[in-house]
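J.: Before we start, here is the structure in question, set down as structure tokens.
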Amino acid sequence: MVSPGILLVDKPGGITSHDVVARTRRAFGTRKVGHAGTLDPMATGLLVLGIEGATRLLTYVVGADKTYVATIRLGQTTTTDDAEGEITARADAAAIAAVSDERVAEGIAGLTGAISQVPSSVSAIKVDGRRAYDRVRAGEAVELKARDVTVSRFVVIDRRDSADAVELDVVVDCSSGTYIRALARDLGTELGVGGHLTALRRTRIGPFDVADAVTTDDLVGAATITPADAAARVLARLDVTDDEARDLRHGKRLVGQVGRVDAFPAAAVAPDGSLVGIVERRGADIKSAMNMPEEIR
């Protein structure tokens, strides 16, 4: 029997997130594998996968904030806002030479904090039931609505200048749903030279770090994070007695016990270390929002 758990994988470039899921299914001998957020084929870095019953926890990981390391090329605009698209415009040498560190800093400041961002037209957002990127590839013009996101950190860690481009290596901390390609595009627009993304690596999702991930070559026998440990990293933890664990699993409330937890939802953990489930507040009571199978450890 396959043990449920959370698996951290360092995705290489050139393959899809679905490819990683397929390889994990083969390595673990189960079809029950899901992920908490895709990466484009060009991108590398952290994928958080759920195996067996732990796939239920992914909904609590998807919305976590994320960290990316990326390279932005200023001076060229592409159809996809990244290096996989066709170049549609090039800035002249004089405009590129005018891209000073001060102007870059001002442009980045305008893209930091709570911002309204229009996602790239080749994103996975659905438009009338179809992915935006499918519509673009079919030759359709796609305009997506702006969405509110938060960029809490956007800093330049290196800069390289040439006659036809300025390349910036950046680190971005952002809320779920932020498109780094759109940041590259918008920074280029603000500076008047155009811009697109040439490299992207996700290094963190919430409490999970790519430093702890395995490669796609090491999936067989890879260690996973237990459901209880994973849930307690993402949510507050509530340690319950065996009797309380049984009551929660049977749909009963822990009456008047809301003061035992600092924040909700929370991970209810039994004395044997197994994850009972995810609990929520109901007035002064605690109630199960999602139960896990009892054999999960």
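Residues in the structure tokens are named by chain (A, B, ... in the order shown) and by number from 1 within that chain; ligands are numbered from 1 in the order shown.
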Taking the chain letters and numbering used in this document, name the residues of range 48-287 of chain A that DSSP puts in strand (DSSP E or B), as an MDAnalysis selection string.

T.: chainID A and resid 48:51 66:74 76:78 82 87:90 113:117 126:127 130:131 147:161 166:174 195:205 208:209 214:215 225 236:239 254 266:269 275:282 285:287

J.: Using DSSP secondary structure from the backbone, list all alpha helix (DSSP H) positions within range 25-241 of chain A, as an MDAnalysis selection string.

T.: chainID A and resid 25:28 93:97 101:109 132:137 180:191 227:234

J.: Neighbouring residues of range 81-83 of chain A were defined as those with any atom within 7 Å, considering only C-alpha atoms; residues of the same chain fewer than 6 positions away were excluded. Please report them as JSON, numbers by chain.

T.: {"A": [120, 181, 182, 185, 196, 197, 198]}

J.: Would you mind listing what lies within 12 Å of Asp239 in chain A as a PyMOL selection string, with only C-alpha atoms counted and same-chain residues fewer than 2 positions away left out?

T.: chain A and resi 228+232+236-237+241-245+257+260-261+266-279

J.: Go through A:Pro207, A:Gly251, A:Gly195, A:Gly75 one by one, measure the shortest atom-to-atom distance of each to Ser162 in chain A using only C-alpha atoms, and give the residue with the smallest value.

T.: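 Going through A:Pro207, A:Gly251, A:Gly195, A:Gly75 one by one, the smallest distance to Ser162 in chain A is for A:Gly75.
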
J.: Identify which of the residues A:Gly107, A:Pro293, A:Gly256, A:Pro119 lies closest to Gly53 in chain A, counting only C-alpha atoms when measuring atom-to-atom distances.

T.: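 Result for the nearest residue to Gly53 in chain A: A:Pro293.
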
J.: At a cut-off of 9 Å, can you tabulate as JSON lines every residue of range 146-258 of chain A near range 16-36 of chain A together with its closest atom pair and the distance in Å to one decimal, using only C-alpha atoms and ordering rows by chain then number?

T.:
{"residue": "A:Thr216", "atom": "CA", "partner": "A:Val20", "partner_atom": "CA", "distance": 7.1}
{"residue": "A:Leu219", "atom": "CA", "partner": "A:Ala27", "partner_atom": "CA", "distance": 5.9}
{"residue": "A:Val220", "atom": "CA", "partner": "A:Ala27", "partner_atom": "CA", "distance": 4.9}
{"residue": "A:Gly221", "atom": "CA", "partner": "A:Phe28", "partner_atom": "CA", "distance": 7.6}
{"residue": "A:Ala222", "atom": "CA", "partner": "A:Phe28", "partner_atom": "CA", "distance": 8.9}

J.: Store the residues picked out above in a file with C-alpha atoms, as a compact mmCIF listing (two decimals), in the first residue's frame.

T.:
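Written out: out-v2.txt:
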# COMPACT_ATOMS: atom_id res chain seq x y z
CA THR A 216 12.83 13.85 -11.19
CA LEU A 219 11.48 9.87 -7.43
CA VAL A 220 11.60 6.11 -6.74
CA GLY A 221 11.77 5.65 -2.98
CA ALA A 222 11.76 9.40 -2.34

J.: What does the structure give for the distance between CA of Arg153 in chain A and CA of Thr78 in chain A, in Å to one decimal?

T.: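 It comes out at 25.0 Å.
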
J.: Rounded to one decimal, what separation in Å do you get between CA of Ile286 in chain A and CA of Asp65 in chain A?

T.: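 Taking CA of Ile286 in chain A and CA of Asp65 in chain A, their separation equals 26.5 Å.
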
J.: Rank nothing, just name the residue among A:Ile72, A:Val193, A:Leu49, A:Val234 nearest to Val155 in chain A, using only C-alpha atoms.

T.: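 Result for the nearest residue to Val155 in chain A: A:Ile72.
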
J.: Quick one: distance from CA of Ala223 in chain A to CA of Glu52 in chain A in Å, one decimal?

T.: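 A separation of 14.2 Å between them.
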
J.: Could you check which of A:Gly259, A:Pro227, A:Gly63, A:Pro265 is closest to Glu294 in chain A, using only C-alpha atoms?

T.: A:Pro227

J.: Have a look at A:Leu183, A:Val104, A:Met292, A:Ala94 and name the one nearest to Arg246 in chain A; count only C-alpha atoms.

T.: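 The shortest atom-to-atom distance to Arg246 in chain A comes from A:Met292.
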
J.: So that I can check the surroundings of Glu86 in chain A, please list as a list in words every protein, DNA and RNA residue that reaches within 10 Å of it, counting only C-alpha atoms and ignoring chain neighbours fewer than 6 positions away.

T.: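 Listed by chain and then number, they are Gln76, Thr77, Thr78, Thr79 and Thr80 of chain A.
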
J.: Selection from above, N, CA, C and O atoms, as a tab-separated table (two decimals), in the first residue's frame, can you write it?

T.:
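New file again_38.tsv:
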chain	number	residue	atom	x	y	z
A	76	GLN	N	13.21	44.08	-25.50
A	76	GLN	CA	12.53	43.24	-26.48
A	76	GLN	C	11.17	42.82	-25.94
A	76	GLN	O	11.05	42.45	-24.77
A	77	THR	N	10.16	42.87	-26.78
A	77	THR	CA	8.81	42.41	-26.44
A	77	THR	C	8.52	41.14	-27.22
A	77	THR	O	8.91	41.02	-28.38
A	78	THR	N	7.84	40.18	-26.58
A	78	THR	CA	7.49	38.94	-27.28
A	78	THR	C	6.00	38.67	-27.20
A	78	THR	O	5.29	39.26	-26.38
A	79	THR	N	5.54	37.76	-28.02
A	79	THR	CA	4.12	37.43	-28.07
A	79	THR	C	3.63	36.74	-26.81
A	79	THR	O	2.43	36.75	-26.52
A	80	THR	N	4.53	36.12	-26.07
A	80	THR	CA	4.14	35.35	-24.89
A	80	THR	C	4.64	35.96	-23.58
A	80	THR	O	4.42	35.39	-22.52

J.: Considering only C-alpha atoms, return as a PyMOL selection string whatever protein or nucleic-acid residues lie within 10 Å of Ala165 in chain A, sequence-local ones (same chain, fewer than 3 positions apart) excluded.

T.: chain A and resi 72-76+90-93+95-97+99+160-162+168+193-195

J.: Export C-alpha atoms of the chosen residues as an mmCIF file, in the first residue's frame?

T.:
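Result file is part-v1.cif:
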data_model
loop_
_atom_site.group_PDB
_atom_site.id
_atom_site.type_symbol
_atom_site.label_atom_id
_atom_site.label_comp_id
_atom_site.auth_asym_id
_atom_site.auth_seq_id
_atom_site.Cartn_x
_atom_site.Cartn_y
_atom_site.Cartn_z
ATOM 1 C CA ILE A 72 14.052 39.827 -17.203
ATOM 2 C CA ARG A 73 15.317 41.023 -20.576
ATOM 3 C CA LEU A 74 14.562 44.680 -21.198
ATOM 4 C CA GLY A 75 14.606 45.914 -24.786
ATOM 5 C CA GLN A 76 12.530 43.236 -26.476
ATOM 6 C CA ARG A 90 12.974 45.878 -30.267
ATOM 7 C CA ALA A 91 14.032 49.084 -28.590
ATOM 8 C CA ASP A 92 16.772 51.168 -30.185
ATOM 9 C CA ALA A 93 20.217 51.487 -28.638
ATOM 10 C CA ALA A 95 16.454 53.910 -25.417
ATOM 11 C CA ILE A 96 18.277 50.937 -23.922
ATOM 12 C CA ALA A 97 21.247 53.079 -22.897
ATOM 13 C CA VAL A 99 17.658 52.510 -18.764
ATOM 14 C CA ARG A 160 24.059 42.793 -17.398
ATOM 15 C CA ASP A 161 24.117 45.400 -20.179
ATOM 16 C CA SER A 162 24.587 44.961 -23.921
ATOM 17 C CA LEU A 168 18.085 41.822 -14.759
ATOM 18 C CA VAL A 193 11.739 49.591 -24.033
ATOM 19 C CA GLY A 194 9.586 46.486 -23.693
ATOM 20 C CA GLY A 195 10.501 43.430 -21.694
#

J.: Which polymer residues have any atom within 12 Å of an atom of Tyr179 in chain A, counting only C-alpha atoms, with same-chain residues fewer than 3 positions away left out, as an NGL selection string?

T.: :A and (38-40 or 66-68 or 70 or 81-82 or 111 or 115-125 or 146-151 or 172-176 or 182-186 or 196-197 or 200 or 202)
